[in-house]
file run20.cif (mmCIF, C-alpha atoms)
data_protein
loop_
_atom_site.label_atom_id
_atom_site.label_comp_id
_atom_site.auth_asym_id
_atom_site.auth_seq_id
_atom_site.Cartn_x
_atom_site.Cartn_y
_atom_site.Cartn_z
CA MET O 1 0.00 0.00 0.00
CA LEU O 2 1.54 3.26 -1.15
CA LYS O 3 2.39 6.48 0.61
CA THR O 4 1.60 9.84 -0.97
CA ILE O 5 4.60 12.16 -1.20
CA THR O 6 4.39 15.70 0.14
CA SER O 7 6.30 18.74 -1.07
CA ARG O 8 8.43 18.72 2.05
CA GLN O 9 11.26 16.23 1.47
CA ARG O 10 8.95 14.70 -1.17
CA GLY O 11 7.79 12.24 1.44
CA SER O 12 8.74 12.80 5.08
CA LEU O 13 5.05 12.96 5.80
CA THR O 14 2.23 11.09 4.10
CA ARG O 15 -1.36 11.61 3.02
CA PHE O 16 -2.43 9.76 6.14
CA GLN O 17 -0.80 12.42 8.31
CA ARG O 18 -2.11 15.56 6.64
CA THR O 19 -5.13 17.17 5.05
CA VAL O 20 -5.38 15.97 1.46
CA PRO O 21 -6.41 18.32 -1.38
CA THR O 22 -9.77 17.46 -2.86
CA ALA O 23 -10.36 16.65 -6.51
CA LEU O 24 -11.45 20.24 -7.07
CA HIS O 25 -8.04 21.46 -5.92
CA LEU O 26 -6.17 19.06 -8.16
CA HIS O 27 -8.03 18.66 -11.41
CA THR O 28 -7.12 20.77 -14.40
CA SER O 29 -9.72 19.70 -16.96
CA ASN O 30 -13.48 19.93 -16.58
CA ASN O 31 -14.15 16.88 -18.70
CA VAL O 32 -12.02 14.72 -16.41
CA MET O 33 -14.28 15.27 -13.41
CA HIS O 34 -17.50 16.12 -15.27
CA PRO O 35 -18.07 13.49 -17.97
CA ARG O 36 -21.22 13.96 -20.01
CA ASN O 37 -22.77 10.58 -19.28
CA VAL O 38 -22.02 8.71 -16.06
CA ASN O 39 -23.74 5.77 -14.41
CA SER O 40 -24.34 7.41 -11.03
CA SER O 41 -24.63 4.17 -9.13
CA ARG O 42 -21.12 2.98 -9.93
CA GLY O 43 -19.16 5.99 -11.14
CA ILE O 44 -18.52 4.42 -14.56
CA ASP O 45 -17.72 6.58 -17.56
CA MET O 46 -20.20 5.53 -20.24
CA GLN O 47 -18.43 7.41 -23.04
CA PRO O 48 -16.99 5.39 -25.96
CA ARG O 49 -14.34 2.96 -24.80
CA VAL O 50 -11.74 3.69 -27.47
CA SER O 51 -9.35 6.57 -26.74
CA ARG O 52 -5.77 7.50 -27.52
CA TRP O 53 -4.80 5.28 -24.58
CA GLY O 54 -6.54 2.21 -25.99
CA ASN O 55 -9.78 0.29 -25.60
CA PHE O 56 -11.00 0.31 -22.00
CA GLN O 57 -13.58 1.81 -19.67
CA ARG O 58 -12.47 4.90 -17.76
CA LEU O 59 -13.65 5.21 -14.17
CA VAL O 60 -14.79 8.48 -12.62
CA PRO O 61 -16.40 9.34 -9.26
CA ALA O 62 -20.19 9.09 -9.21
CA SER O 63 -20.39 12.71 -8.03
CA LEU O 64 -18.28 15.44 -6.45
CA ALA O 65 -20.17 15.22 -3.15
CA ASN O 66 -17.94 14.43 -0.18
CA VAL O 67 -17.91 10.80 0.87
CA ASP O 68 -17.12 9.87 4.49
CA VAL O 69 -15.72 6.36 4.11
CA ARG O 70 -15.41 6.03 7.88
CA GLN O 71 -19.18 5.64 7.95
CA MET O 72 -19.07 2.55 5.74
CA THR O 73 -19.67 -0.79 7.43
CA ARG O 74 -16.38 -2.62 7.94
CA ARG O 75 -16.01 -6.38 7.84
CA LEU O 76 -15.67 -8.07 11.21
CA VAL O 77 -12.43 -9.53 12.53
CA PRO O 78 -12.51 -12.14 15.33
CA GLU O 79 -11.30 -11.01 18.74
CA SER O 80 -8.78 -13.85 18.76
CA ILE O 81 -6.75 -12.32 15.92
CA ILE O 82 -3.84 -10.05 16.83
CA LYS O 83 -4.60 -6.57 15.50
CA PRO O 84 -2.32 -3.63 14.71
CA PRO O 85 -2.53 -0.65 17.08
CA TYR O 86 -4.56 1.45 14.62
CA ALA O 87 -7.30 -1.14 14.07
CA GLU O 88 -9.81 0.20 16.56
CA GLN O 89 -9.23 3.96 16.37
CA GLY O 90 -8.62 4.26 12.64
CA ILE O 91 -5.33 6.12 12.96
CA SER O 92 -2.07 5.64 11.02
CA SER O 93 1.37 4.21 11.77
CA VAL O 94 3.70 5.75 14.33
CA TRP O 95 6.50 7.48 12.41
CA ASN O 96 9.85 7.43 14.17
CA PRO O 97 12.78 9.35 12.61
CA GLU O 98 15.14 6.39 12.35
CA VAL O 99 15.04 3.50 9.88
CA PRO O 100 14.46 0.23 11.77
CA LEU O 101 17.00 -2.58 11.43
CA ASN O 102 15.40 -5.99 11.82
CA SER O 103 16.61 -8.59 14.30
CA PRO O 104 16.73 -12.30 13.41
CA GLN O 105 13.37 -12.69 15.19
CA ASP O 106 11.90 -9.82 13.17
CA ILE O 107 13.10 -11.42 9.94
CA VAL O 108 11.29 -14.65 10.75
CA GLY O 109 8.08 -12.71 11.36
CA LEU O 110 8.52 -10.70 8.16
CA ARG O 111 9.03 -13.84 6.11
CA LYS O 112 5.83 -15.39 7.42
CA ALA O 113 3.79 -12.23 6.80
CA GLY O 114 5.28 -11.77 3.34
CA SER O 115 4.61 -15.36 2.37
CA LEU O 116 0.99 -15.10 3.46
CA ALA O 117 0.51 -11.82 1.56
CA LYS O 118 1.83 -13.46 -1.62
CA SER O 119 -0.51 -16.44 -1.24
CA ILE O 120 -3.49 -14.10 -0.79
CA LEU O 121 -2.48 -12.15 -3.90
CA ASP O 122 -2.30 -15.40 -5.88
CA LEU O 123 -5.83 -16.28 -4.78
CA GLY O 124 -7.03 -12.79 -5.67
CA GLN O 125 -5.61 -13.11 -9.17
CA LYS O 126 -7.89 -16.09 -9.83
CA MET O 127 -10.91 -13.89 -9.06
CA CYS O 128 -10.02 -11.15 -11.55
CA LEU O 129 -12.54 -12.26 -14.14
CA PRO O 130 -15.23 -10.41 -16.15
CA GLY O 131 -18.41 -10.09 -14.10
CA THR O 132 -16.76 -10.35 -10.68
CA THR O 133 -17.11 -7.25 -8.53
CA THR O 134 -14.24 -5.84 -6.53
CA GLU O 135 -16.53 -6.02 -3.49
CA GLU O 136 -16.74 -9.79 -4.00
CA ILE O 137 -12.95 -9.95 -4.21
CA ASP O 138 -12.61 -7.97 -0.99
CA LYS O 139 -15.14 -10.17 0.82
CA ALA O 140 -13.48 -13.42 -0.25
CA LEU O 141 -9.92 -12.30 0.52
CA HIS O 142 -10.95 -10.86 3.88
CA ALA O 143 -12.40 -14.23 4.85
CA ILE O 144 -9.24 -16.07 3.78
CA ILE O 145 -6.93 -13.65 5.61
CA ILE O 146 -8.74 -14.01 8.92
CA ALA O 147 -8.99 -17.79 8.42
CA LYS O 148 -5.18 -17.76 8.32
CA GLY O 149 -5.10 -15.97 11.67
CA ALA O 150 -4.07 -12.61 10.20
CA TYR O 151 -5.53 -9.11 10.06
CA PRO O 152 -6.04 -7.31 6.71
CA SER O 153 -3.73 -4.34 7.25
CA PRO O 154 -5.63 -1.72 5.19
CA LEU O 155 -8.84 -2.23 7.19
CA ASN O 156 -9.47 0.98 9.17
CA TYR O 157 -5.96 2.28 8.53
CA SER O 158 -6.72 6.00 8.77
CA GLY O 159 -10.33 4.96 8.25
CA PHE O 160 -9.89 2.94 5.05
CA PRO O 161 -13.13 0.94 4.87
CA LYS O 162 -12.05 -2.26 3.11
CA SER O 163 -9.52 -5.08 3.48
CA VAL O 164 -7.74 -4.73 0.11
CA CYS O 165 -7.22 -1.97 -2.45
CA THR O 166 -8.55 -2.56 -5.97
CA SER O 167 -7.40 -0.02 -8.57
CA VAL O 168 -8.90 -0.45 -12.05
CA ASN O 169 -7.74 1.05 -15.38
CA ASN O 170 -7.14 4.79 -14.82
CA VAL O 171 -7.16 4.53 -11.02
CA ILE O 172 -3.58 5.02 -9.84
CA ALA O 173 -3.96 3.72 -6.28
CA HIS O 174 -6.13 3.16 -3.20
CA GLY O 175 -9.24 2.16 -5.11
CA ILE O 176 -12.05 1.15 -2.73
CA PRO O 177 -13.77 -2.14 -3.62
CA ASP O 178 -17.35 -1.64 -4.81
CA GLU O 179 -20.18 -3.22 -6.79
CA ARG O 180 -18.82 -2.46 -10.27
CA PRO O 181 -18.34 -5.75 -12.16
CA LEU O 182 -14.96 -6.14 -13.80
CA GLN O 183 -15.19 -5.73 -17.57
CA ASP O 184 -13.48 -7.61 -20.36
CA GLY O 185 -10.40 -5.51 -21.17
CA ASP O 186 -9.89 -4.05 -17.67
CA ILE O 187 -6.58 -4.06 -15.88
CA ILE O 188 -6.75 -4.23 -12.08
CA ASN O 189 -4.16 -3.78 -9.38
CA LEU O 190 -4.74 -5.80 -6.22
CA ASP O 191 -2.83 -4.37 -3.26
CA ILE O 192 -2.61 -6.89 -0.41
CA THR O 193 -1.16 -6.31 3.04
CA VAL O 194 -1.58 -8.66 5.99
CA TYR O 195 -0.65 -8.34 9.66
CA LEU O 196 0.45 -11.70 11.03
CA ASP O 197 1.76 -12.20 14.56
CA GLY O 198 2.86 -8.58 14.84
CA TYR O 199 4.38 -8.07 11.37
CA HIS O 200 3.09 -6.67 8.09
CA GLY O 201 3.64 -8.18 4.64
CA ASP O 202 2.80 -6.01 1.62
CA THR O 203 2.59 -6.88 -2.08
CA SER O 204 0.61 -5.99 -5.19
CA ALA O 205 0.33 -6.79 -8.87
CA THR O 206 -1.67 -5.67 -11.89
CA PHE O 207 -3.71 -8.36 -13.64
CA LEU O 208 -5.39 -8.56 -17.03
CA VAL O 209 -9.15 -9.13 -17.06
CA GLY O 210 -10.24 -11.09 -20.13
CA GLU O 211 -8.84 -9.79 -23.43
CA VAL O 212 -6.80 -6.64 -22.87
CA ASP O 213 -5.60 -4.52 -25.78
CA GLU O 214 -1.93 -4.33 -26.75
CA LYS O 215 -1.42 -0.88 -25.25
CA GLY O 216 -2.67 -2.12 -21.90
CA LYS O 217 -0.51 -5.23 -22.04
CA ALA O 218 2.57 -3.16 -22.86
CA LEU O 219 1.95 -0.88 -19.86
CA VAL O 220 1.54 -3.81 -17.48
CA GLU O 221 4.61 -5.64 -18.76
CA CYS O 222 6.84 -2.58 -18.61
CA THR O 223 5.72 -1.86 -15.04
CA ARG O 224 6.54 -5.42 -14.03
CA GLU O 225 9.98 -5.05 -15.58
CA THR O 226 10.72 -1.79 -13.73
CA LEU O 227 10.08 -3.53 -10.41
CA GLU O 228 12.34 -6.44 -11.33
CA LYS O 229 15.15 -4.18 -12.52
CA SER O 230 14.99 -1.93 -9.45
CA ILE O 231 15.04 -4.90 -7.08
CA ASN O 232 18.10 -6.34 -8.77
CA ILE O 233 20.28 -3.36 -7.89
CA CYS O 234 19.49 -3.51 -4.16
CA GLY O 235 22.06 -4.36 -1.51
CA PRO O 236 24.13 -2.84 1.32
CA GLY O 237 25.56 0.56 0.47
CA VAL O 238 23.33 1.18 -2.56
CA PRO O 239 21.82 4.71 -2.51
CA PHE O 240 18.03 4.71 -2.29
CA LYS O 241 17.90 7.16 -5.18
CA GLU O 242 19.24 4.46 -7.52
CA ILE O 243 15.81 2.80 -7.37
CA GLY O 244 14.17 5.81 -8.99
CA ARG O 245 16.90 6.16 -11.60
CA VAL O 246 16.54 2.54 -12.74
CA ILE O 247 12.74 2.70 -12.83
CA CYS O 248 12.63 5.95 -14.81
CA GLU O 249 15.31 4.83 -17.25
CA HIS O 250 13.28 1.76 -18.22
CA ALA O 251 9.89 3.54 -18.22
CA ASP O 252 11.22 6.35 -20.42
CA LYS O 253 12.55 3.82 -22.90
CA TYR O 254 8.99 2.66 -23.61
CA GLY O 255 7.27 6.05 -23.37
CA PHE O 256 5.62 5.71 -19.95
CA SER O 257 5.68 8.18 -17.07
CA VAL O 258 6.34 7.38 -13.40
CA SER O 259 4.06 8.59 -10.62
CA GLU O 260 5.79 11.12 -8.40
CA GLU O 261 2.94 11.39 -5.91
CA LEU O 262 3.31 7.94 -4.39
CA SER O 263 6.21 6.13 -2.77
CA GLY O 264 7.28 2.84 -1.29
CA HIS O 265 8.01 2.66 2.42
CA GLY O 266 9.67 0.83 5.24
CA ILE O 267 7.61 -1.99 6.74
CA GLY O 268 7.76 -4.42 9.63
CA ARG O 269 6.09 -4.02 12.98
CA GLU O 270 4.66 -0.79 11.55
CA PHE O 271 2.60 -0.77 8.34
CA HIS O 272 4.53 2.31 7.17
CA CYS O 273 7.83 3.66 8.41
CA HIS O 274 11.13 5.00 7.08
CA PRO O 275 12.74 4.76 4.61
CA LEU O 276 10.45 6.18 1.97
CA ILE O 277 11.30 4.83 -1.46
CA TYR O 278 10.91 7.24 -4.37
CA HIS O 279 10.27 5.70 -7.77
CA HIS O 280 10.96 8.88 -9.74
CA LEU O 281 14.28 10.64 -10.33
CA ASN O 282 15.38 12.22 -7.05
CA ASP O 283 18.39 13.43 -5.08
CA GLU O 284 17.36 12.08 -1.69
CA GLU O 285 20.10 11.07 0.70
CA GLY O 286 20.49 7.70 2.35
CA HIS O 287 21.61 4.22 1.42
CA MET O 288 20.57 0.66 2.11
CA GLU O 289 21.86 -1.21 5.15
CA THR O 290 21.74 -4.87 6.08
CA GLY O 291 18.55 -5.59 8.03
CA MET O 292 16.39 -2.89 6.45
CA SER O 293 13.01 -3.90 5.05
CA PHE O 294 10.98 -1.80 2.64
CA THR O 295 8.65 -1.96 -0.33
CA ILE O 296 9.35 -1.02 -3.92
CA GLU O 297 6.09 -0.40 -5.76
CA PRO O 298 6.41 1.65 -8.96
CA ILE O 299 3.36 3.01 -10.74
CA LEU O 300 3.65 3.72 -14.46
CA CYS O 301 1.14 5.77 -16.42
CA GLN O 302 0.32 5.93 -20.13
CA GLY O 303 0.15 9.72 -20.07
CA SER O 304 0.51 12.25 -17.28
CA PRO O 305 1.57 10.88 -13.87
CA MET O 306 -0.45 13.62 -12.15
CA GLY O 307 -3.27 12.32 -10.00
CA ILE O 308 -6.74 13.48 -9.00
CA MET O 309 -8.03 12.74 -5.51
CA TRP O 310 -11.65 11.58 -5.57
CA PRO O 311 -14.21 12.87 -3.04
CA ASP O 312 -13.75 9.72 -0.94
CA GLN O 313 -10.27 11.11 -0.12
CA TRP O 314 -8.64 7.80 -0.99
CA THR O 315 -9.05 6.92 -4.66
CA ILE O 316 -6.49 8.59 -6.94
CA SER O 317 -6.97 8.51 -10.72
CA THR O 318 -4.91 9.90 -13.58
CA VAL O 319 -5.61 13.48 -14.58
CA ASP O 320 -5.89 12.66 -18.29
CA GLY O 321 -7.78 9.37 -18.10
CA GLY O 322 -4.82 7.23 -19.17
CA ARG O 323 -4.32 3.85 -17.55
CA SER O 324 -1.80 3.10 -14.82
CA ALA O 325 -0.26 -0.12 -13.55
CA GLN O 326 1.65 -1.08 -10.42
CA PHE O 327 3.69 -3.98 -9.05
CA GLU O 328 5.10 -4.31 -5.54
CA HIS O 329 7.33 -6.51 -3.41
CA THR O 330 8.58 -6.29 0.16
CA LEU O 331 12.37 -6.60 0.36
CA LEU O 332 14.91 -7.35 3.05
CA VAL O 333 18.46 -6.05 2.59
CA THR O 334 20.91 -8.87 3.34
CA GLU O 335 24.70 -9.02 3.67
CA ASN O 336 25.02 -10.24 0.10
CA GLY O 337 22.19 -8.33 -1.57
CA PHE O 338 18.49 -8.73 -0.97
CA GLU O 339 15.71 -11.18 -0.21
CA ILE O 340 12.22 -10.79 -1.69
CA LEU O 341 9.86 -11.52 1.20
CA THR O 342 6.71 -11.62 -0.93
CA LYS O 343 7.86 -13.93 -3.71
#

call {"tool": "encode", "arguments": {"input": "run20.cif", "output": "structure tokens"}}
result
Amino acid sequence: MLKTITSRQRGSLTRFQRTVPTALHLHTSNNVMHPRNVNSSRGIDMQPRVSRWGNFQRLVPASLANVDVRQMTRRLVPESIIKPPYAEQGISSVWNPEVPLNSPQDIVGLRKAGSLAKSILDLGQKMCLPGTTTEEIDKALHAIIIAKGAYPSPLNYSGFPKSVCTSVNNVIAHGIPDERPLQDGDIINLDITVYLDGYHGDTSATFLVGEVDEKGKALVECTRETLEKSINICGPGVPFKEIGRVICEHADKYGFSVSEELSGHGIGREFHCHPLIYHHLNDEEGHMETGMSFTIEPILCQGSPMGIMWPDQWTISTVDGGRSAQFEHTLLVTENGFEILTK
């Protein structure tokens, strides 16, 4: 699950720790937020599916009225399951200034949480079929997570109302599962984080729904490649800024842009902590050390990487209606390089 970067340090604080601009503050084109023909029950753009970005259905908010997602009914979690500190109050992680270094015991916990997150993502992939709603995916994965004795980390994190994030087509991140059926030709990112025995494991991937056009396939494949290439340069002493350089170099080669609004993050006992991992070109200080754990989760866009915040204050979509894709792994820096904890 991503962190939104602020202007100060491009990330020392996050969208969960500040007041977020509304869509009206961010959007630059009336037709982005005011389509001529929208299905008001699902926020689906009913305009022709073919655009310069390819053949797909663009999603828009049902209206510009404020939506208080904290009032939505949340799925129940048994009392017997260990919950993160924010679960009841709907707050965010505690941000300490230092980057945690994991002990051998921590690493065991991280491996277990990462392995479970990957298995849940694999199950979610099988549900990404035409006609299935993202609400159905959320319900099924929530049930599986708690059956495994874990807590779905996004649930009530700063009030997030669901157990997974489902971002479809032009939605960059933090899409809230709903009753819209997936359509043939959609691409969908499933963002899965679980809290198991006191540790978080975080992973995501973008999947093809039915027959996706070539432009969509190219975006998804290039995004997958940027994650792989950026992981492969990790190890002790490597500057964090190298991650962004590698991602942007590969994205630029194929004509895609990289989101600058969202970052990876440290993870472990806290859902989000330092270091923040920037996927765009940057001059941030800091380097990797043995025992650090963090996510790399690049988002590539077909057009502009600029995002619009929807009235629910969570969903972010592209400003120009182009599609975006994302892939994510949780990594551990080891003496000889890295270990992917969610593989």

call {"tool": "residues_around", "arguments": {"input": "run20.cif", "residues": "region 165-177 of chain O", "least_positions_apart": "4", "cutoff": "7 Å", "atoms": "only C-alpha atoms", "output": "list in words"}}
result
Arg58, Leu59, Thr134, Glu135, Asp138, Asp186, Ile187, Ile188, Asn189, Leu190, Asp191, Trp314, Thr315, Ile316, Ser317, Thr318, Gly321, Gly322, Arg323 and Ser324 of chain O

call {"tool": "closest_residue", "arguments": {"input": "run20.cif", "among": "O:Ile233, O:Ala147, O:Cys301, O:Met306", "to": "Lys215 (chain O)", "atoms": "all atoms listed in the file"}}
result
O:Cys301

call {"tool": "resolve_selection", "arguments": {"input": "run20.cif", "expression": "the PyMOL selection byres ((chain O and resi 75-86) around 7)", "output": "ChimeraX atom specification"}}
result
/O:73-74,87-92,146,149-151,157,197

call {"tool": "resolve_selection", "arguments": {"input": "run20.cif", "expression": "the PyMOL selection byres ((chain O and resi 119) around 12)", "output": "list in words"}}
result
Lys112, Ala113, Gly114, Ser115, Leu116, Ala117, Lys118, Ile120, Leu121, Asp122, Leu123, Gly124, Gln125, Lys126, Leu141, Ile144, Ile145, Lys148, Ile192, Thr193, Val194, Gly201, Asp202, Thr203, Ser204, Leu341, Thr342 and Lys343 of chain O

call {"tool": "atom_distance", "arguments": {"input": "run20.cif", "atom1": "CA of Ser230 (chain O)", "atom2": "CA of Glu328 (chain O)"}}
result
10.9 Å

call {"tool": "resolve_selection", "arguments": {"input": "run20.cif", "expression": "the PyMOL selection byres ((chain O and resi 326) around 6)", "output": "short mmCIF file (atom, residue, chain, number, x, y, z; two decimals) with C-alpha atoms, in the coordinates of the input"}}
result
data_model
loop_
_atom_site.label_atom_id
_atom_site.label_comp_id
_atom_site.auth_asym_id
_atom_site.auth_seq_id
_atom_site.Cartn_x
_atom_site.Cartn_y
_atom_site.Cartn_z
CA THR O 206 -1.67 -5.67 -11.89
CA PRO O 298 6.41 1.65 -8.96
CA ILE O 299 3.36 3.01 -10.74
CA ALA O 325 -0.26 -0.12 -13.55
CA PHE O 327 3.69 -3.98 -9.05
#

call {"tool": "closest_residue", "arguments": {"input": "run20.cif", "among": "O:Ser103, O:Thr223, O:Gln183, O:Thr334", "to": "Leu300 (chain O)", "atoms": "all atoms listed in the file"}}
result
O:Thr223

call {"tool": "atom_distance", "arguments": {"input": "run20.cif", "atom1": "CA of Val69 (chain O)", "atom2": "CA of Lys162 (chain O)"}}
result
9.4 Å

call {"tool": "residues_around", "arguments": {"input": "run20.cif", "residues": "His265 (chain O)", "least_positions_apart": "2", "cutoff": "10 Å", "atoms": "only C-alpha atoms", "output": "PyMOL selection string"}}
result
chain O and resi 1-3+11+262-263+267+271-278+293-297+330
